[in-house]
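Visitor: First the structure, then my questions, so here it is.
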2 protein chains.
Amino acid sequence: MSKNLRLKAARAERDMTQQALAEAAGVSRQTINAIEKGEYNPTIRLCLTICHALGKTLDELFWEEKEQ
Amino acid sequence: MSKNLRLKAARAERDMTQQALAEAAGVSRQTINAIEKGEYNPTIRLCLTICHALGKTLDELFWEEKEQ
DNA sequence: ACAGAATGTCAAGTATATTTTACAAAATAT
DNA sequence: ATATTTTGTAAAATATACTTGACATTCTGT
């Protein structure tokens with residue numbers, strides 16, 4: 001998995017820290033950090049919560065074309 | 001969580017059984033069944049694989065408006 | 001009515017997402 | 001320069017996604 005720079009950018013756009021987004025989403029800061037770093041694979045429900053918190057859609061933040 | 005009828009419909013549109021989609025996505029049939037029944041909360045990576053297999057986007061199959 | 005395929009469901013196990021605590025590095029402001 | 005905030009990272013524990021196997025039910029065709 002590669003870094004999620006779209007998430008980082010959307011967060012910046014709203015001037016939210018990882019901490020603030022974590023609180024808005026009800027998860028730990030490390031979870032947000034790990035998602036941005038591409039270190040794992042959140043559940044769709046968490047993705048949806050993050051999208052709602054940032055005013056973005058799944059496709060905007062999490063879509064990836066089939067690789068290869 | 002509520003049933004994912006969009007997933008069921010997209011699968012029907014492609015004339016794929018749960019078994020066939022499970023194989024295409026590399027998971028068990030029960031996992032596909034549980035997702036359609038709304039019994040759980042797949043990872044984003046699995047959602048992406050399912051989308052690719054069915055030729056749909058995340059927003060088409062998994063988007064939900066904020067409830068409440 | 002019957003056979004076979006597809007779907008629904010359950011229980012026990014395994015893999016992995018997420019938490020907590022803690023500290024180090026980097027960025028930002030004073 | 002130095003204090004403060006923000007971000008990166010790690011290890012151990014916990015919650016939960018997902019598997020396997022098995023059986024019951026519903027659907028589809030003949």
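By order in the structure tokens, chains are A, B, ...; within a chain, residues start at 1; ligands start at 1, following the order shown.
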List as a tab-separated table every residue of chain B that is in contact with chain D, defined as an atom at most 9 Å from one of its atoms (using only C-alpha atoms (C1' of nucleotides)), together with the nearest atom pair and the distance in Å rounded to one decimal, sorted by chain and then rising number.
Guide:
residue	atom	partner	partner_atom	distance
B:Val27	CA	D:DC18	C1'	7.9
B:Ser28	CA	D:DT19	C1'	6.9
B:Gln30	CA	D:DT19	C1'	8.7
B:Thr31	CA	D:DC18	C1'	6.7
B:Tyr40	CA	D:DA17	C1'	8.0
B:Asn41	CA	D:DA17	C1'	7.5
B:Pro42	CA	D:DA17	C1'	6.8
B:Thr43	CA	D:DA17	C1'	7.7
Visitor: Define the interface residues of chain B facing chain C as those within 10 Å, counting only C-alpha atoms (C1' of nucleotides), and report them as a PyMOL selection string.
Guide: chain B and resi 17-19+29-30+33-34+37+43
Visitor: Tell me, as a PDB file with C-alpha atoms, in the first residue's frame, which residues lie within 10 Å of region 1-13 of chain B, counting only C-alpha atoms (C1' of nucleotides); anything in the same chain fewer than 2 positions away does not count.
Guide:
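See around-v6.pdb below for the written result:
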ATOM      1  CA  ARG A  45     -16.897   2.193   7.933  1.00  0.00           C
TER       2      ARG A  45
ATOM      3  CA  ASP B  15     -24.424 -12.716 -13.701  1.00  0.00           C
ATOM      4  CA  MET B  16     -21.943 -13.711 -11.017  1.00  0.00           C
ATOM      5  CA  THR B  17     -22.717 -15.941  -8.061  1.00  0.00           C
ATOM      6  CA  GLN B  18     -21.470 -15.076  -4.581  1.00  0.00           C
ATOM      7  CA  ALA B  20     -17.711 -16.529  -8.313  1.00  0.00           C
ATOM      8  CA  LEU B  21     -17.285 -13.052  -6.848  1.00  0.00           C
ATOM      9  CA  ILE B  32     -19.288 -11.882   0.323  1.00  0.00           C
ATOM     10  CA  ASN B  33     -22.560 -13.101   1.762  1.00  0.00           C
ATOM     11  CA  ALA B  34     -21.944 -11.280   5.032  1.00  0.00           C
ATOM     12  CA  ILE B  35     -21.112  -8.039   3.234  1.00  0.00           C
ATOM     13  CA  GLU B  36     -24.299  -8.243   1.188  1.00  0.00           C
ATOM     14  CA  LYS B  37     -26.301  -9.000   4.292  1.00  0.00           C
ATOM     15  CA  GLY B  38     -24.737  -5.987   5.986  1.00  0.00           C
ATOM     16  CA  GLU B  39     -23.308  -8.139   8.715  1.00  0.00           C
ATOM     17  CA  TYR B  40     -19.957  -6.545   8.581  1.00  0.00           C
ATOM     18  CA  ASN B  41     -17.593  -4.013   7.682  1.00  0.00           C
ATOM     19  CA  ILE B  50     -14.788  -6.127  -5.284  1.00  0.00           C
ATOM     20  CA  CYS B  51     -15.266  -2.859  -7.195  1.00  0.00           C
ATOM     21  CA  ALA B  53     -14.192  -7.276 -10.150  1.00  0.00           C
ATOM     22  CA  LEU B  54     -17.614  -5.728 -10.808  1.00  0.00           C
ATOM     23  CA  GLY B  55     -16.531  -2.662 -12.771  1.00  0.00           C
ATOM     24  CA  LYS B  56     -17.937  -0.225 -10.240  1.00  0.00           C
ATOM     25  CA  GLU B  60     -21.313   3.365  -6.519  1.00  0.00           C
ATOM     26  CA  LEU B  61     -21.180   0.359  -4.232  1.00  0.00           C
ATOM     27  CA  PHE B  62     -20.229   1.584  -0.777  1.00  0.00           C
TER      28      PHE B  62
END
Visitor: Using Å and a single decimal, report how far CA of Thr49 (chain B) sits from CA of Glu65 (chain A).
Guide: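 It comes out at 9.7 Å.
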Visitor: Superimpose chain B on chain A so that the squared distances between all in-order C-alpha pairs are minimised, and send the result as a PDB file with C-alpha atoms, in the first residue's frame.
Guide:
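After the write, superposed.pdb holds the following:
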ATOM      1  CA  MET B   1       0.097   0.010  -0.010  1.00  0.00           C
ATOM      2  CA  SER B   2       1.227   3.521  -0.844  1.00  0.00           C
ATOM      3  CA  LYS B   3       0.820   6.778   1.062  1.00  0.00           C
ATOM      4  CA  ASN B   4      -2.565   8.418   1.046  1.00  0.00           C
ATOM      5  CA  LEU B   5      -1.633  11.947   0.105  1.00  0.00           C
ATOM      6  CA  ARG B   6      -5.192  12.834  -0.840  1.00  0.00           C
ATOM      7  CA  LEU B   7      -6.201  12.271   2.751  1.00  0.00           C
ATOM      8  CA  LYS B   8      -3.327  14.369   4.004  1.00  0.00           C
ATOM      9  CA  ALA B   9      -4.265  17.140   1.572  1.00  0.00           C
ATOM     10  CA  ALA B  10      -7.959  17.047   2.473  1.00  0.00           C
ATOM     11  CA  ARG B  11      -7.030  17.349   6.107  1.00  0.00           C
ATOM     12  CA  ALA B  12      -4.733  20.279   5.364  1.00  0.00           C
ATOM     13  CA  GLU B  13      -7.533  21.910   3.360  1.00  0.00           C
ATOM     14  CA  ARG B  14      -9.622  21.868   6.518  1.00  0.00           C
ATOM     15  CA  ASP B  15      -6.706  22.838   8.741  1.00  0.00           C
ATOM     16  CA  MET B  16      -7.162  19.761  10.903  1.00  0.00           C
ATOM     17  CA  THR B  17      -4.384  17.960  12.734  1.00  0.00           C
ATOM     18  CA  GLN B  18      -4.180  14.169  12.734  1.00  0.00           C
ATOM     19  CA  GLN B  19      -5.280  14.392  16.348  1.00  0.00           C
ATOM     20  CA  ALA B  20      -8.350  16.466  15.474  1.00  0.00           C
ATOM     21  CA  LEU B  21      -9.352  14.134  12.651  1.00  0.00           C
ATOM     22  CA  ALA B  22      -8.814  11.147  14.912  1.00  0.00           C
ATOM     23  CA  GLU B  23     -11.160  12.647  17.482  1.00  0.00           C
ATOM     24  CA  ALA B  24     -13.742  13.504  14.838  1.00  0.00           C
ATOM     25  CA  ALA B  25     -13.573   9.927  13.560  1.00  0.00           C
ATOM     26  CA  GLY B  26     -13.461   8.317  16.976  1.00  0.00           C
ATOM     27  CA  VAL B  27     -10.148   6.539  16.474  1.00  0.00           C
ATOM     28  CA  SER B  28      -6.616   7.000  17.743  1.00  0.00           C
ATOM     29  CA  ARG B  29      -4.153   9.421  16.223  1.00  0.00           C
ATOM     30  CA  GLN B  30      -1.894   6.516  15.343  1.00  0.00           C
ATOM     31  CA  THR B  31      -4.641   5.002  13.234  1.00  0.00           C
ATOM     32  CA  ILE B  32      -4.981   8.178  11.160  1.00  0.00           C
ATOM     33  CA  ASN B  33      -1.222   8.413  10.879  1.00  0.00           C
ATOM     34  CA  ALA B  34      -0.957   4.808   9.731  1.00  0.00           C
ATOM     35  CA  ILE B  35      -3.647   5.300   7.097  1.00  0.00           C
ATOM     36  CA  GLU B  36      -1.884   8.367   5.731  1.00  0.00           C
ATOM     37  CA  LYS B  37       1.406   6.526   5.708  1.00  0.00           C
ATOM     38  CA  GLY B  38      -0.247   3.681   3.819  1.00  0.00           C
ATOM     39  CA  GLU B  39       0.608   1.243   6.549  1.00  0.00           C
ATOM     40  CA  TYR B  40      -2.777  -0.282   6.610  1.00  0.00           C
ATOM     41  CA  ASN B  41      -6.051  -0.988   5.347  1.00  0.00           C
ATOM     42  CA  PRO B  42      -8.881   0.674   7.254  1.00  0.00           C
ATOM     43  CA  THR B  43     -12.416  -0.667   7.307  1.00  0.00           C
ATOM     44  CA  ILE B  44     -14.964   0.879   4.952  1.00  0.00           C
ATOM     45  CA  ARG B  45     -16.874   2.190   7.941  1.00  0.00           C
ATOM     46  CA  LEU B  46     -13.861   4.124   9.159  1.00  0.00           C
ATOM     47  CA  CYS B  47     -13.249   5.423   5.632  1.00  0.00           C
ATOM     48  CA  LEU B  48     -16.834   6.658   5.490  1.00  0.00           C
ATOM     49  CA  THR B  49     -16.498   8.399   8.835  1.00  0.00           C
ATOM     50  CA  ILE B  50     -13.290  10.086   7.677  1.00  0.00           C
ATOM     51  CA  CYS B  51     -14.974  11.160   4.427  1.00  0.00           C
ATOM     52  CA  HIS B  52     -17.861  12.673   6.339  1.00  0.00           C
ATOM     53  CA  ALA B  53     -15.501  14.499   8.666  1.00  0.00           C
ATOM     54  CA  LEU B  54     -13.589  15.979   5.717  1.00  0.00           C
ATOM     55  CA  GLY B  55     -16.492  16.568   3.340  1.00  0.00           C
ATOM     56  CA  LYS B  56     -15.140  14.224   0.694  1.00  0.00           C
ATOM     57  CA  THR B  57     -16.391  11.056  -0.968  1.00  0.00           C
ATOM     58  CA  LEU B  58     -14.876   7.586  -0.953  1.00  0.00           C
ATOM     59  CA  ASP B  59     -13.787   7.951  -4.553  1.00  0.00           C
ATOM     60  CA  GLU B  60     -12.089  11.263  -3.785  1.00  0.00           C
ATOM     61  CA  LEU B  61     -10.055   9.915  -0.899  1.00  0.00           C
ATOM     62  CA  PHE B  62      -9.756   6.168  -1.353  1.00  0.00           C
ATOM     63  CA  TRP B  63     -10.305   5.135  -4.944  1.00  0.00           C
ATOM     64  CA  GLU B  64      -7.435   3.313  -6.628  1.00  0.00           C
ATOM     65  CA  GLU B  65      -7.313   1.950 -10.135  1.00  0.00           C
ATOM     66  CA  LYS B  66      -6.650  -1.722 -10.497  1.00  0.00           C
ATOM     67  CA  GLU B  67      -2.903  -2.168 -10.483  1.00  0.00           C
ATOM     68  CA  GLN B  68      -0.965  -4.266 -12.947  1.00  0.00           C
TER      69      GLN B  68
END
Visitor: Where in chain B does DSSP assign helix (DSSP H, G or I), given as a count of residues only?
Guide: 42
